[in-house]
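Novice: Below: one structure in structure tokens.
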Amino acid sequence: MAHKFKLTPAANGQFKFAFVYNAEAIVWSENYTAKASAKSAIESLRAHAPDAPTVDLTKDETGTGYRFEIAGSRDGQYFVRFVASNGEAMVRSETYKARASAKNAIASVKKNGPGAALVDEA
């Protein structure tokens, strides 16, 4: 099964999306009050992820603009955020034991996100 963006209903009449492969979410969004806002976020991710730099916050790296961030969790694992130019996190991943797994998630979004279909279940 190909990579896809899956738009679904969230609590309180809101909407969320996930970038999935084989029914496993690689990254997922916050809740959006309007369906159009969630779709706009997907389009922004498609447009900006391929060229976005990666900043490893666990190595005290910093960045601005659209970017991927590798962050550390309290238990010593790693997770990924995609951050918009305004500094807001658009999506995040699960936690991974290995930094390499976080980098693989970023590579997947960069490579497969732009052409991924949108499955609207909302």
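Each chain in the structure tokens gets a letter, A, B, ..., in the order shown, and its residues are numbered from 1; ligands are numbered from 1 in order too.
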Could you give me, as number ranges by chain, the residues within 8 Å of Thr33 of chain A, counting only C-alpha atoms and dropping anything in the same chain fewer than 6 positions from it?

Specialist: A: 13-15

Novice: Using only C-alpha atoms, which residues sit within 8 Å of Lys6 of chain A once same-chain residues fewer than 2 positions away are excluded, as a list in words?

Specialist: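 So, after excluding close chain neighbours, the residues are Lys4, Thr8, Phe17, Ala18, Phe19, Val20, Leu118, Val119, Asp120 and Glu121 of chain A.
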
Novice: Report, in Å to a single decimal, how far apart atom CA of Val83 of chain A and atom CA of Ala47 of chain A are.

Specialist: 13.0 Å

Novice: Using DSSP on the backbone coordinates, identify the residues of chain A assigned to strand (DSSP E or B); present them as an MDAnalysis selection string.

Specialist: chainID A and resid 4:9 15:21 24:29 32 54:56 67:72 78:83 89:92 96 117:120

Novice: One decimal, Å: what's the distance from atom CA of Ala52 of chain A over to atom CA of Ala122 of chain A, could you say?

Specialist: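 So the answer is 28.6 Å.
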
Novice: Can you tell me, as a PyMOL selection string, what residues are no more than 12 Å from segment 107-115 of chain A when counting only C-alpha atoms, ignoring any on the same chain fewer than 3 positions away?

Specialist: chain A and resi 2-6+18-21+25-28+42-54+67-68+80-82+91-93+100-104+118

Novice: For Ile70 of chain A, work out the shell of residues within 6 Å, counting only C-alpha atoms and skipping chain neighbours fewer than 5 positions away, then give it as a list in words.

Specialist: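 Counting only the stated atoms, we get Asp56, Leu57, Phe79 and Val80 of chain A.
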
Novice: Take the residues from that selection and write them out as a short mmCIF file (atom, residue, chain, number, x, y, z; two decimals), in the first residue's frame, keeping N, CA, C and O atoms.

Specialist:
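The file below, out.cif, is the result:
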```
data_model
loop_
_atom_site.label_atom_id
_atom_site.label_comp_id
_atom_site.auth_asym_id
_atom_site.auth_seq_id
_atom_site.Cartn_x
_atom_site.Cartn_y
_atom_site.Cartn_z
N ASP A 56 18.81 18.86 14.69
CA ASP A 56 18.84 17.89 15.78
C ASP A 56 18.96 18.65 17.10
O ASP A 56 20.03 19.11 17.48
N LEU A 57 17.82 18.79 17.77
CA LEU A 57 17.79 19.53 19.03
C LEU A 57 18.57 18.82 20.13
O LEU A 57 19.02 19.46 21.08
N PHE A 79 11.99 11.75 18.87
CA PHE A 79 10.81 11.91 18.04
C PHE A 79 11.05 13.07 17.08
O PHE A 79 11.98 13.85 17.23
N VAL A 80 10.19 13.14 16.07
CA VAL A 80 10.33 14.12 15.00
C VAL A 80 9.15 15.08 15.03
O VAL A 80 8.01 14.67 15.26
#
```

Novice: Pick out each residue of chain A that DSSP on the backbone tags as alpha helix (DSSP H); I need them as an MDAnalysis selection string.

Specialist: chainID A and resid 35:48 99:112

Novice: Nearest residue to Gly63 of chain A out of A:Asn22, A:Ser85, A:Ser40, A:Thr95, using only C-alpha atoms?

Specialist: A:Ser85

Novice: Counting only C-alpha atoms, figure out which residue out of A:Ala38, A:Ala71, A:Ala23, A:Ala105 gets nearest to Met90 of chain A.

Specialist: A:Ala38

Novice: A:Val55, A:Ala98, A:Ala36, A:Ala89: which is nearest Gly76 of chain A, counting only C-alpha atoms?

Specialist: A:Ala98
